[in-house]
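Reproduced below: start09.cif, with mmCIF, C-alpha atoms.
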data_upload
loop_
_atom_site.label_atom_id
_atom_site.label_comp_id
_atom_site.auth_asym_id
_atom_site.auth_seq_id
_atom_site.Cartn_x
_atom_site.Cartn_y
_atom_site.Cartn_z
CA MET W 1097 0.00 0.00 0.00
CA SER W 1098 1.43 3.40 -0.96
CA GLY W 1099 2.44 6.00 1.60
CA ALA W 1100 0.07 8.46 -0.08
CA TYR W 1101 -2.89 6.15 0.56
CA LEU W 1102 -1.88 5.68 4.21
CA LYS W 1103 -1.79 9.43 4.70
CA GLU W 1104 -5.23 9.68 3.15
CA LEU W 1105 -6.44 6.92 5.51
CA GLU W 1106 -5.13 8.83 8.52
CA ASN W 1107 -7.03 11.94 7.45
CA PHE W 1108 -10.08 9.81 6.73
CA ALA W 1109 -9.92 8.24 10.19
CA GLY W 1110 -9.75 11.66 11.82
CA ALA W 1111 -12.83 12.81 9.91
CA ALA W 1112 -14.83 9.64 10.52
CA THR W 1113 -14.20 8.93 14.21
CA VAL W 1114 -17.39 8.89 16.23
CA GLU W 1115 -17.60 10.01 19.83
CA GLY W 1116 -17.66 7.01 22.09
CA PRO W 1117 -16.44 5.36 25.28
CA GLU W 1118 -12.79 4.92 26.13
CA TRP W 1119 -12.90 1.14 25.67
CA LEU W 1120 -13.55 1.64 21.95
CA ASP W 1121 -10.35 3.64 21.31
CA PRO W 1122 -7.86 0.73 21.48
CA ILE W 1123 -10.16 -1.38 19.31
CA ARG W 1124 -10.12 1.31 16.63
CA ARG W 1125 -6.36 1.79 16.88
CA SER W 1126 -5.74 -1.94 16.49
CA ALA W 1127 -7.98 -1.97 13.44
CA VAL W 1128 -6.12 0.94 11.83
CA ASP W 1129 -2.80 -0.81 12.46
CA ARG W 1130 -4.13 -4.07 11.07
CA PHE W 1131 -5.34 -2.50 7.84
CA ALA W 1132 -2.14 -0.50 7.48
CA HIS W 1133 -0.23 -3.79 7.74
CA THR W 1134 -2.31 -5.86 5.33
CA GLY W 1135 -3.82 -3.39 2.87
CA PHE W 1136 -6.44 -4.53 0.40
CA PRO W 1137 -6.46 -8.20 -0.68
CA THR W 1138 -5.29 -9.15 -4.14
CA ALA W 1139 -6.25 -11.87 -6.62
CA ARG W 1140 -3.14 -13.80 -5.54
CA GLU W 1141 -4.93 -14.67 -2.29
CA GLU W 1142 -7.06 -17.81 -2.43
CA GLU W 1143 -10.12 -16.13 -0.87
CA TRP W 1144 -10.09 -13.44 -3.57
CA ARG W 1145 -8.80 -15.18 -6.68
CA PHE W 1146 -12.14 -14.97 -8.50
CA THR W 1147 -12.96 -11.41 -7.42
CA SER W 1148 -10.69 -8.45 -8.11
CA ILE W 1149 -11.31 -5.43 -5.91
CA THR W 1150 -8.94 -3.24 -7.93
CA PRO W 1151 -11.69 -0.66 -8.69
CA ILE W 1152 -12.15 -0.18 -4.94
CA ALA W 1153 -8.47 -0.15 -4.01
CA GLN W 1154 -7.43 2.29 -6.74
CA THR W 1155 -10.17 4.85 -6.10
CA SER W 1156 -9.82 7.74 -3.65
CA TRP W 1157 -13.09 7.60 -1.74
CA ARG W 1158 -14.40 10.50 0.31
CA PRO W 1159 -16.16 9.83 3.61
CA ALA W 1160 -19.90 10.26 3.15
CA ALA W 1161 -21.43 13.27 4.86
CA GLY W 1162 -25.08 12.37 5.28
CA VAL W 1163 -27.55 13.88 2.86
CA SER W 1164 -28.09 17.49 1.85
CA GLU W 1165 -31.38 17.15 -0.03
CA GLU W 1166 -34.77 16.92 1.65
CA LEU W 1167 -36.30 13.46 1.46
CA THR W 1168 -39.74 12.25 2.44
CA ARG W 1169 -41.06 8.97 3.77
CA GLN W 1170 -43.02 8.62 0.56
CA GLN W 1171 -39.76 8.46 -1.41
CA LEU W 1172 -38.55 5.69 0.88
CA ALA W 1173 -41.86 3.79 0.92
CA PRO W 1174 -40.75 1.19 -1.68
CA PHE W 1175 -38.01 0.06 0.71
CA ILE W 1176 -40.00 -0.02 3.97
CA PHE W 1177 -42.32 -2.95 3.15
CA GLY W 1178 -45.39 -0.86 4.02
CA HIS W 1179 -45.62 -1.97 7.65
CA GLU W 1180 -45.98 1.13 9.81
CA GLU W 1181 -46.17 -0.99 12.95
CA TRP W 1182 -42.59 -2.18 12.42
CA CYS W 1183 -39.69 -0.37 14.02
CA THR W 1184 -37.72 1.09 11.10
CA LEU W 1185 -34.33 2.78 11.38
CA VAL W 1186 -33.31 4.71 8.26
CA PHE W 1187 -29.72 5.70 7.47
CA LEU W 1188 -29.02 8.16 4.65
CA ASN W 1189 -25.55 7.90 3.16
CA GLY W 1190 -24.38 6.25 6.37
CA GLU W 1191 -25.99 8.72 8.81
CA TYR W 1192 -28.98 7.98 11.01
CA ALA W 1193 -32.09 9.92 9.91
CA PRO W 1194 -34.49 10.04 12.90
CA GLY W 1195 -37.04 12.12 10.96
CA LEU W 1196 -37.47 9.32 8.43
CA SER W 1197 -37.38 6.53 10.99
CA SER W 1198 -40.27 5.06 12.94
CA PRO W 1199 -40.21 3.63 16.50
CA GLY W 1200 -42.95 1.10 15.70
CA ASN W 1201 -44.65 -0.93 18.40
CA LEU W 1202 -41.74 -2.34 20.34
CA PRO W 1203 -42.50 -4.24 23.55
CA ALA W 1204 -40.72 -3.58 26.82
CA GLY W 1205 -37.24 -5.05 26.87
CA VAL W 1206 -36.38 -4.22 23.26
CA VAL W 1207 -33.96 -1.48 22.20
CA ALA W 1208 -33.59 -0.48 18.56
CA THR W 1209 -31.51 2.62 17.91
CA SER W 1210 -28.49 3.91 16.05
CA ILE W 1211 -25.17 2.57 17.25
CA SER W 1212 -23.80 6.11 17.53
CA ASP W 1213 -26.55 7.00 20.01
CA ALA W 1214 -26.02 3.74 21.88
CA LEU W 1215 -22.29 4.44 22.22
CA ARG W 1216 -22.93 7.95 23.52
CA ASN W 1217 -25.48 6.70 26.03
CA GLY W 1218 -23.21 3.96 27.36
CA GLY W 1219 -24.25 0.53 28.55
CA ASP W 1220 -22.41 -2.74 28.99
CA VAL W 1221 -24.14 -4.63 26.15
CA LEU W 1222 -22.02 -2.92 23.50
CA GLN W 1223 -18.83 -3.39 25.47
CA ARG W 1224 -19.57 -7.12 25.86
CA HIS W 1225 -20.41 -7.72 22.20
CA LEU W 1226 -19.20 -5.00 19.81
CA ALA W 1227 -16.16 -6.07 17.74
CA LYS W 1228 -15.99 -9.39 19.60
CA TYR W 1229 -17.09 -11.70 16.75
CA ALA W 1230 -16.14 -10.07 13.43
CA ARG W 1231 -12.38 -10.27 13.81
CA ILE W 1232 -10.10 -7.72 12.17
CA GLU W 1233 -7.52 -10.47 11.55
CA GLU W 1234 -9.86 -12.30 9.20
CA SER W 1235 -10.64 -9.51 6.74
CA PRO W 1236 -9.05 -6.17 5.81
CA PHE W 1237 -12.55 -4.87 5.10
CA THR W 1238 -13.63 -5.71 8.65
CA ALA W 1239 -10.54 -3.94 9.96
CA LEU W 1240 -11.31 -0.87 7.87
CA ASN W 1241 -14.93 -0.83 9.06
CA THR W 1242 -13.89 -1.22 12.71
CA ALA W 1243 -11.47 1.69 12.38
CA LEU W 1244 -13.82 4.05 10.58
CA PHE W 1245 -17.47 3.20 11.29
CA ARG W 1246 -19.61 6.15 12.30
CA ASP W 1247 -23.12 4.72 12.54
CA GLY W 1248 -25.34 1.73 12.04
CA GLY W 1249 -28.10 -0.17 13.79
CA PHE W 1250 -28.14 -1.52 17.34
CA VAL W 1251 -30.80 -4.06 18.32
CA HIS W 1252 -31.01 -5.57 21.80
CA VAL W 1253 -33.78 -7.99 22.74
CA SER W 1254 -33.88 -8.83 26.44
CA ALA W 1255 -34.22 -12.33 27.85
CA GLY W 1256 -37.59 -13.97 27.39
CA VAL W 1257 -39.03 -11.35 24.99
CA ASP W 1258 -40.94 -12.64 21.95
CA LEU W 1259 -40.65 -9.92 19.30
CA SER W 1260 -43.38 -10.83 16.82
CA LEU W 1261 -42.78 -7.84 14.50
CA ALA W 1262 -39.64 -7.31 12.45
CA ILE W 1263 -37.11 -4.56 13.04
CA ASN W 1264 -36.12 -2.95 9.75
CA LEU W 1265 -32.65 -1.42 9.22
CA VAL W 1266 -32.63 0.50 5.92
CA PHE W 1267 -29.42 1.97 4.50
CA VAL W 1268 -30.19 4.37 1.65
CA SER W 1269 -27.67 5.86 -0.76
CA THR W 1270 -28.66 8.98 -2.68
CA ALA W 1271 -27.04 10.94 -5.49
CA ASP W 1272 -24.95 12.69 -2.80
CA ALA W 1273 -23.20 9.36 -2.19
CA ALA W 1274 -21.35 9.44 -5.54
CA GLY W 1275 -17.62 9.11 -4.94
CA THR W 1276 -18.00 8.32 -1.24
CA VAL W 1277 -17.66 5.33 1.08
CA THR W 1278 -19.71 4.40 4.13
CA HIS W 1279 -18.87 1.85 6.82
CA PRO W 1280 -22.16 0.89 8.50
CA ARG W 1281 -21.74 -1.12 11.70
CA ASN W 1282 -24.63 -3.18 13.06
CA LEU W 1283 -24.93 -5.15 16.28
CA ILE W 1284 -27.82 -7.52 16.98
CA VAL W 1285 -27.98 -9.09 20.46
CA VAL W 1286 -30.84 -11.46 21.31
CA GLU W 1287 -30.71 -12.74 24.87
CA ARG W 1288 -31.66 -16.09 26.40
CA ASN W 1289 -35.12 -17.50 25.52
CA ALA W 1290 -35.91 -14.50 23.27
CA ARG W 1291 -37.17 -14.39 19.68
CA ALA W 1292 -36.56 -11.73 17.02
CA SER W 1293 -36.59 -10.99 13.28
CA VAL W 1294 -34.34 -8.30 11.79
CA VAL W 1295 -34.34 -7.13 8.16
CA GLU W 1296 -31.19 -5.36 6.94
CA SER W 1297 -31.54 -3.59 3.56
CA TYR W 1298 -29.09 -1.68 1.35
CA VAL W 1299 -30.87 0.34 -1.33
CA THR W 1300 -30.38 3.38 -3.56
CA LEU W 1301 -32.34 6.38 -4.82
CA ALA W 1302 -29.68 7.00 -7.49
CA PRO W 1303 -29.43 3.93 -9.77
CA GLY W 1304 -26.38 5.25 -11.64
CA ALA W 1305 -24.36 6.48 -8.66
CA ARG W 1306 -20.88 5.04 -8.10
CA TYR W 1307 -20.06 4.63 -4.42
CA TRP W 1308 -18.78 2.01 -1.98
CA THR W 1309 -20.57 0.46 0.99
CA ASN W 1310 -18.49 -1.53 3.49
CA PRO W 1311 -20.86 -2.83 6.22
CA VAL W 1312 -20.18 -5.22 9.10
CA THR W 1313 -22.96 -6.89 11.10
CA GLU W 1314 -22.43 -8.92 14.26
CA VAL W 1315 -25.17 -11.18 15.62
CA TRP W 1316 -25.19 -12.90 19.01
CA THR W 1317 -27.93 -15.37 19.83
CA GLY W 1318 -28.34 -16.21 23.51
CA PRO W 1319 -29.07 -19.74 24.76
CA ASN W 1320 -32.39 -21.14 23.57
CA SER W 1321 -33.13 -18.06 21.44
CA TRP W 1322 -34.51 -17.86 17.88
CA VAL W 1323 -33.29 -15.24 15.37
CA GLU W 1324 -34.22 -14.68 11.74
CA HIS W 1325 -31.88 -12.30 9.94
CA THR W 1326 -32.85 -11.23 6.42
CA ARG W 1327 -30.41 -9.26 4.30
CA ILE W 1328 -31.39 -7.52 1.03
CA GLN W 1329 -28.77 -5.89 -1.18
CA ARG W 1330 -30.23 -3.60 -3.88
CA GLU W 1331 -27.42 -1.11 -4.40
CA SER W 1332 -26.84 0.94 -7.53
CA GLU W 1333 -25.53 -1.26 -10.35
CA ALA W 1334 -22.55 1.11 -10.61
CA ALA W 1335 -21.74 0.76 -6.90
CA TYR W 1336 -19.44 -1.53 -4.89
CA HIS W 1337 -20.60 -3.47 -1.86
CA VAL W 1338 -18.30 -5.56 0.35
CA ALA W 1339 -19.99 -6.83 3.51
CA THR W 1340 -19.29 -9.11 6.45
CA THR W 1341 -21.87 -10.81 8.66
CA GLN W 1342 -20.65 -12.74 11.70
CA ALA W 1343 -23.12 -14.75 13.79
CA GLU W 1344 -22.28 -16.37 17.13
CA VAL W 1345 -24.82 -19.10 17.89
CA SER W 1346 -25.17 -20.19 21.52
CA ARG W 1347 -26.38 -23.46 23.05
CA ASP W 1348 -29.83 -24.64 21.94
CA SER W 1349 -30.31 -21.49 19.86
CA HIS W 1350 -31.44 -21.13 16.25
CA TYR W 1351 -29.98 -18.66 13.76
CA ARG W 1352 -31.78 -18.39 10.42
CA SER W 1353 -30.24 -16.26 7.67
CA PHE W 1354 -31.60 -15.28 4.29
CA SER W 1355 -29.52 -13.18 1.88
CA MET W 1356 -30.76 -11.71 -1.41
CA ALA W 1357 -28.33 -9.90 -3.72
CA MET W 1358 -29.52 -8.04 -6.81
CA GLY W 1359 -27.49 -4.82 -6.99
CA GLY W 1360 -23.93 -3.61 -7.30
CA ALA W 1361 -21.34 -3.68 -10.05
CA LEU W 1362 -19.28 -5.73 -7.61
CA ALA W 1363 -20.97 -7.19 -4.54
CA ARG W 1364 -19.31 -9.49 -2.02
CA HIS W 1365 -20.84 -10.90 1.16
CA ASN W 1366 -18.78 -12.81 3.71
CA LEU W 1367 -21.21 -14.69 5.95
CA ASN W 1368 -19.75 -16.63 8.87
CA ALA W 1369 -21.73 -18.51 11.51
CA ARG W 1370 -20.05 -20.11 14.49
CA LEU W 1371 -21.96 -22.83 16.33
CA ALA W 1372 -20.36 -21.95 19.62
CA ASP W 1373 -21.99 -24.52 21.90
CA GLN W 1374 -23.82 -27.85 21.86
CA TYR W 1375 -27.20 -28.32 20.15
CA SER W 1376 -26.96 -25.04 18.25
CA GLU W 1377 -28.41 -24.66 14.76
CA ALA W 1378 -27.72 -22.39 11.78
CA LEU W 1379 -29.74 -22.32 8.56
CA LEU W 1380 -28.30 -20.23 5.72
CA TYR W 1381 -30.37 -19.49 2.63
CA GLY W 1382 -29.29 -17.25 -0.21
CA LEU W 1383 -30.44 -16.01 -3.61
CA TYR W 1384 -28.45 -13.92 -6.07
CA LEU W 1385 -29.75 -12.53 -9.36
CA THR W 1386 -27.30 -10.95 -11.79
CA HIS W 1387 -27.48 -9.36 -15.23
CA GLY W 1388 -25.44 -6.98 -17.36
CA GLU W 1389 -21.81 -7.27 -16.23
CA GLN W 1390 -22.50 -7.57 -12.51
CA LEU W 1391 -20.30 -9.68 -10.25
CA VAL W 1392 -21.83 -11.14 -7.08
CA ASP W 1393 -19.61 -13.11 -4.71
CA ASN W 1394 -20.88 -15.10 -1.70
CA HIS W 1395 -18.34 -16.55 0.73
CA THR W 1396 -19.82 -18.48 3.65
CA VAL W 1397 -18.22 -20.37 6.53
CA LEU W 1398 -20.02 -22.57 9.06
CA TYR W 1399 -17.87 -23.35 12.09
CA HIS W 1400 -18.95 -26.46 14.00
CA ASP W 1401 -16.98 -26.13 17.23
CA HIS W 1402 -19.06 -28.36 19.55
CA PRO W 1403 -21.00 -31.65 19.46
CA HIS W 1404 -24.59 -32.07 18.26
CA GLY W 1405 -24.57 -29.02 15.98
CA HIS W 1406 -26.87 -28.80 12.97
CA SER W 1407 -26.46 -26.64 9.87
CA TRP W 1408 -28.29 -26.46 6.57
CA GLU W 1409 -27.18 -24.21 3.72
CA VAL W 1410 -28.87 -23.64 0.35
CA TYR W 1411 -27.72 -20.89 -2.02
CA LYS W 1412 -29.16 -20.39 -5.49
CA GLY W 1413 -28.11 -18.11 -8.33
CA ILE W 1414 -29.79 -16.87 -11.52
CA LEU W 1415 -27.35 -15.36 -14.01
CA ASP W 1416 -28.03 -13.54 -17.26
CA ASP W 1417 -26.14 -11.55 -19.92
CA ARG W 1418 -22.38 -11.36 -19.21
CA SER W 1419 -22.69 -11.40 -15.44
CA ARG W 1420 -20.60 -13.50 -13.07
CA ALA W 1421 -21.16 -15.13 -9.72
CA VAL W 1422 -18.88 -16.72 -7.18
CA PHE W 1423 -19.93 -19.10 -4.42
CA ASN W 1424 -17.42 -20.40 -1.90
CA GLY W 1425 -18.96 -22.30 0.99
CA LYS W 1426 -16.98 -23.95 3.79
CA VAL W 1427 -18.16 -26.24 6.55
CA MET W 1428 -15.47 -26.71 9.21
CA VAL W 1429 -15.97 -29.41 11.83
CA LYS W 1430 -13.58 -29.55 14.78
CA ARG W 1431 -12.36 -32.83 16.24
CA GLU W 1432 -14.55 -32.45 19.32
CA ALA W 1433 -17.69 -31.62 17.28
CA GLN W 1434 -19.02 -35.18 17.17
CA LYS W 1435 -22.62 -35.86 16.07
CA THR W 1436 -22.51 -32.87 13.70
CA ASP W 1437 -25.13 -32.83 10.94
CA ALA W 1438 -24.27 -30.42 8.12
CA LYS W 1439 -25.66 -30.13 4.60
CA GLN W 1440 -24.64 -27.62 1.92
CA THR W 1441 -26.01 -27.03 -1.58
CA ASN W 1442 -25.30 -24.47 -4.29
CA ARG W 1443 -27.41 -24.48 -7.45
CA ASN W 1444 -27.06 -22.06 -10.38
CA LEU W 1445 -29.32 -21.33 -13.33
CA ILE W 1446 -27.61 -19.79 -16.38
CA LEU W 1447 -29.93 -17.83 -18.69
CA SER W 1448 -27.30 -16.74 -21.23
CA ASP W 1449 -24.41 -18.22 -23.17
CA PHE W 1450 -22.04 -15.64 -21.69
CA ALA W 1451 -22.80 -15.72 -17.96
CA LYS W 1452 -20.34 -17.56 -15.72
CA VAL W 1453 -20.27 -18.96 -12.20
CA ASP W 1454 -17.37 -20.24 -10.10
CA THR W 1455 -18.66 -22.50 -7.32
CA LYS W 1456 -16.56 -24.18 -4.66
CA PRO W 1457 -18.32 -26.03 -1.82
CA GLN W 1458 -15.87 -27.30 0.81
CA LEU W 1459 -15.92 -29.63 3.81
CA GLU W 1460 -13.09 -29.69 6.36
CA ILE W 1461 -13.94 -32.43 8.84
CA PHE W 1462 -11.75 -33.49 11.78
CA ALA W 1463 -14.42 -35.51 13.63
CA ASP W 1464 -15.38 -39.07 12.73
CA ASP W 1465 -19.00 -39.39 13.93
CA VAL W 1466 -20.69 -36.85 11.64
CA LYS W 1467 -23.16 -36.58 8.76
CA CYS W 1468 -21.91 -34.00 6.27
CA THR W 1469 -22.79 -33.57 2.59
CA HIS W 1470 -22.24 -30.92 -0.06
CA GLY W 1471 -23.00 -30.40 -3.72
CA ALA W 1472 -23.11 -27.85 -6.52
CA THR W 1473 -24.85 -27.67 -9.89
CA VAL W 1474 -24.71 -25.30 -12.85
CA GLY W 1475 -27.26 -25.63 -15.66
CA GLN W 1476 -29.75 -24.01 -17.99
CA LEU W 1477 -33.53 -24.09 -18.12
CA ASP W 1478 -34.90 -27.57 -18.64
CA GLU W 1479 -36.15 -27.95 -22.21
CA VAL W 1480 -38.70 -30.60 -21.20
CA SER W 1481 -40.25 -28.28 -18.61
CA LEU W 1482 -40.35 -25.46 -21.14
CA PHE W 1483 -42.03 -27.70 -23.71
CA TYR W 1484 -44.59 -28.88 -21.13
CA ALA W 1485 -45.49 -25.30 -20.15
CA GLN W 1486 -45.83 -24.27 -23.81
CA SER W 1487 -48.01 -27.30 -24.50
CA ARG W 1488 -50.36 -25.96 -21.81
CA GLY W 1489 -50.70 -22.64 -23.64
CA PHE W 1490 -48.02 -20.49 -22.02
CA PRO W 1491 -45.89 -18.35 -24.37
CA LEU W 1492 -42.18 -19.16 -24.29
CA ALA W 1493 -41.18 -15.97 -22.43
CA GLN W 1494 -43.81 -16.54 -19.75
CA ALA W 1495 -42.83 -20.20 -19.44
CA ARG W 1496 -39.20 -19.19 -18.88
CA ARG W 1497 -40.21 -16.73 -16.13
CA MET W 1498 -42.46 -19.28 -14.43
CA ILE W 1499 -39.76 -21.95 -14.28
CA THR W 1500 -37.12 -19.44 -13.18
CA TYR W 1501 -39.39 -18.13 -10.44
CA ALA W 1502 -40.10 -21.67 -9.20
CA PHE W 1503 -36.35 -22.33 -9.05
CA ALA W 1504 -35.77 -19.26 -6.88
CA ALA W 1505 -38.90 -19.50 -4.74
CA GLU W 1506 -37.63 -22.71 -3.16
CA VAL W 1507 -35.33 -20.57 -1.02
CA THR W 1508 -37.50 -17.47 -0.51
CA GLU W 1509 -40.23 -19.74 0.87
CA GLU W 1510 -37.88 -20.68 3.70
CA VAL W 1511 -38.23 -17.20 5.24
CA ALA W 1512 -40.37 -17.70 8.34
CA LEU W 1513 -41.91 -14.22 8.77
CA GLU W 1514 -44.74 -13.97 6.23
CA PRO W 1515 -44.58 -10.20 5.44
CA VAL W 1516 -40.85 -10.50 4.75
CA ARG W 1517 -41.39 -13.60 2.61
CA ALA W 1518 -44.09 -11.80 0.60
CA GLU W 1519 -41.81 -8.81 -0.03
CA LEU W 1520 -38.96 -11.04 -1.17
CA ASN W 1521 -41.25 -12.83 -3.61
CA ARG W 1522 -42.48 -9.46 -4.90
CA LEU W 1523 -38.88 -8.31 -5.49
CA LEU W 1524 -38.10 -11.58 -7.21
CA LEU W 1525 -41.04 -11.27 -9.60
CA GLU W 1526 -40.22 -7.62 -10.28
CA ARG W 1527 -36.65 -8.52 -11.19
CA LEU W 1528 -37.67 -11.43 -13.44
CA ASN W 1529 -40.23 -9.26 -15.23
CA GLU W 1530 -37.53 -6.70 -16.07
CA GLY W 1531 -36.12 -9.10 -18.63
CA ARG W 1532 -39.30 -9.77 -20.57
#

Give the structure from the file, written as structure tokens.
Amino acid sequence: MSGAYLKELENFAGAATVEGPEWLDPIRRSAVDRFAHTGFPTAREEEWRFTSITPIAQTSWRPAAGVSEELTRQQLAPFIFGHEEWCTLVFLNGEYAPGLSSPGNLPAGVVATSISDALRNGGDVLQRHLAKYARIEESPFTALNTALFRDGGFVHVSAGVDLSLAINLVFVSTADAAGTVTHPRNLIVVERNARASVVESYVTLAPGARYWTNPVTEVWTGPNSWVEHTRIQRESEAAYHVATTQAEVSRDSHYRSFSMAMGGALARHNLNARLADQYSEALLYGLYLTHGEQLVDNHTVLYHDHPHGHSWEVYKGILDDRSRAVFNGKVMVKREAQKTDAKQTNRNLILSDFAKVDTKPQLEIFADDVKCTHGATVGQLDEVSLFYAQSRGFPLAQARRMITYAFAAEVTEEVALEPVRAELNRLLLERLNEGR
């Protein structure tokens, strides 16, 4: 990394530092040092050999400065799901916008606020959990986020609380975001015997804007808790999006993730779930839809550290035009993690002669009493199914959309919360209809 870029990073860090408690200062300093030591990854590294981040590394990004134009809730309505009773936190170009947010109907024992406010107000929950799971040693992008984050969402659900309504975190980029970078930081803590659903969305009001979003989300599920975490990425198709999600899954708890990626010129999501005690469970579902010259990269790791863990992972991709996708899924089973049951599947549907996918499912197993399987497929629409649909009176274009939708809906139907599932299916149909 050049000395000029390091000087720019130092200035950037000074501009982006958020007021906070003393315990956060050494964490930030360590992250700055870590990024200064490693720099951006290159294609020579195994984890990045299919995805070049040269456009990010060679651009001088300005820190985003909120939004200067006046926006209304009506402009944001397409991204809010239309549920006024939900708690919705809106962030414009990385900055919390309380005037566009809604407190919803949160029960006692639930806190949903911006992380900047939570840091200013103090409290031991952040000190116990923030920057404890997404490690700066594992990703330069996590180190950069830890050093420079200014805002993001903080959700804390107390022990025994059943949160029936979703909490919606919406990160909106406007035309003011062009040429800038944001580092959203989210922390979701769900205590013992509690239940919660959180939707995390990245969207744009400027489809042609070129910017970079570098979010990190940490999730901690307490013993015997249940958490559904839905992530929707609908950035500008000229933008860059590199994200990390790290989930720590406690004993007898259930972590359910769904990730949908449709936007970005280059979009990468690193999703890691650690089954950190016995009888924990993680279900990871994903759907990516690409067209044009988009590149979407999903890297997932499931860490089975203890006995009797269960994981199930299904990721599907639909690729068109000259787009590319990367899927790299690892399941790592420690020697002591006996009685592990882990299944992993990646399936890809290619709609063009020029689209390409690189898929690499992996199992690293050091225990001997386990049930672990993995598989990957890449193919085109089934001609027999198309012929059958046409024989029943459906035009070819409609038959193609129907079969493609059925392929994708197998994973969207796994979302437990019905309003979220309905919105995902609506987005899926909207995207498929764009190509008709």

- For atom CA of Gln1434 of chain W and atom CA of Glu1510 of chain W, determine how far apart the two atoms are, in Å to one decimal place. 27.3 Å

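Residues captured in this structure file are Phe1237, Thr1238, Leu1240, Asn1241, Val1277, Thr1278, His1279, Pro1280, Arg1281, Trp1308, Thr1309, Pro1311, Val1312, Tyr1336, His1337, Val1338, Ala1339 and Thr1340 of chain W, according to the PyMOL selection byres ((chain W and resi 1310) around 9).
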
At most 10 Å is the cut-off: for each residue in segment 1240-1304 of chain W with any atom that close to an atom of segment 1218-1233 of chain W, write down the nearest atom pair and the distance in Å rounded to one decimal, counting all atoms listed in the file, chain first then increasing number, as JSON lines.
{"residue": "W:Leu1240", "atom": "CA", "partner": "W:Ile1232", "partner_atom": "CA", "distance": 8.2}
{"residue": "W:Asn1241", "atom": "CA", "partner": "W:Ile1232", "partner_atom": "CA", "distance": 9.0}
{"residue": "W:Thr1242", "atom": "CA", "partner": "W:Ala1227", "partner_atom": "CA", "distance": 7.3}
{"residue": "W:Ala1243", "atom": "CA", "partner": "W:Ile1232", "partner_atom": "CA", "distance": 9.5}
{"residue": "W:Phe1250", "atom": "CA", "partner": "W:Leu1222", "partner_atom": "CA", "distance": 8.8}
{"residue": "W:His1252", "atom": "CA", "partner": "W:Val1221", "partner_atom": "CA", "distance": 8.2}
{"residue": "W:Arg1281", "atom": "CA", "partner": "W:Leu1226", "partner_atom": "CA", "distance": 9.3}
{"residue": "W:Asn1282", "atom": "CA", "partner": "W:Leu1226", "partner_atom": "CA", "distance": 8.9}
{"residue": "W:Leu1283", "atom": "CA", "partner": "W:Leu1226", "partner_atom": "CA", "distance": 6.7}
{"residue": "W:Ile1284", "atom": "CA", "partner": "W:His1225", "partner_atom": "CA", "distance": 9.1}
{"residue": "W:Val1285", "atom": "CA", "partner": "W:His1225", "partner_atom": "CA", "distance": 7.9}

Now that the selection is made, can you save its residues with C-alpha atoms as a PDB file, in the frame of the given file?
ATOM      1  CA  LEU W1240     -11.310  -0.870   7.870  1.00  0.00           C
ATOM      2  CA  ASN W1241     -14.930  -0.830   9.060  1.00  0.00           C
ATOM      3  CA  THR W1242     -13.890  -1.220  12.710  1.00  0.00           C
ATOM      4  CA  ALA W1243     -11.470   1.690  12.380  1.00  0.00           C
ATOM      5  CA  PHE W1250     -28.140  -1.520  17.340  1.00  0.00           C
ATOM      6  CA  HIS W1252     -31.010  -5.570  21.800  1.00  0.00           C
ATOM      7  CA  ARG W1281     -21.740  -1.120  11.700  1.00  0.00           C
ATOM      8  CA  ASN W1282     -24.630  -3.180  13.060  1.00  0.00           C
ATOM      9  CA  LEU W1283     -24.930  -5.150  16.280  1.00  0.00           C
ATOM     10  CA  ILE W1284     -27.820  -7.520  16.980  1.00  0.00           C
ATOM     11  CA  VAL W1285     -27.980  -9.090  20.460  1.00  0.00           C
TER      12      VAL W1285
END

- Message: For this structure, which residues satisfy the selection - the PyMOL selection byres ((chain W and resi 1425) around 7) - when it is evaluated on the file as given? I want them as a ChimeraX atom specification.
- Response: /W:1395-1397,1423-1424,1426-1427,1456-1458

- What is the atom CA of Phe1136 of chain W to atom CA of Thr1270 of chain W distance in Å? 26.2 Å

- Task: Choose the residue, out of W:Glu1287, W:His1470, W:Gly1249, W:Arg1364, that has the smallest atom-to-atom separation from Ser1148 of chain W; count all atoms listed in the file.
- Result: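 With all atoms listed in the file as the atom set, the closest residue is W:Arg1364.
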
- Message: What's around Leu1415 of chain W at 9 Å? Count all atoms listed in the file, leave out sequence neighbours fewer than 5 positions away in its own chain, and write the answer as a list in words.
- Response: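 Within the cut-off, the hits are Tyr1384, Leu1385, Thr1386, His1387, Arg1420, Ala1421, Asn1444, Leu1445, Ile1446, Leu1447, Ser1448, Ala1451, Lys1452 and Val1453 of chain W.
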
- Query: At what distance in Å, to one decimal, does atom CA of Ala1343 of chain W lie from atom CA of Val1323 of chain W?
  - Reply: 10.3 Å

- Message: If we count all atoms listed in the file and set the cut-off at 8 Å, which residues sit around segment 1369-1371 of chain W, ignoring sequence neighbours fewer than 3 positions away in its own chain? Please answer as a list of chain:residue names.
- Response: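 So the residues in contact are W:Gln1342, W:Ala1343, W:Glu1344, W:Val1345, W:Ser1346, W:Gln1374, W:Ser1376, W:Glu1377, W:Ala1378, W:Val1397, W:Leu1398, W:Tyr1399, W:His1400, W:Asp1401, W:His1402, W:Gly1405.
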
- Item | Close residues, segment 1288-1297 of chain W itself excluded, 9 Å, all atoms listed in the file, min 5 positions apart in chain, as a ChimeraX atom specification | /W:1175,1251,1253-1268,1317-1330,1349,1513,1516

- Item | Nearest candidate to Ala1335 of chain W (options W:Ala1239, W:Ala1214, W:Ile1152, W:Val1466; using all atoms listed in the file) | W:Ile1152
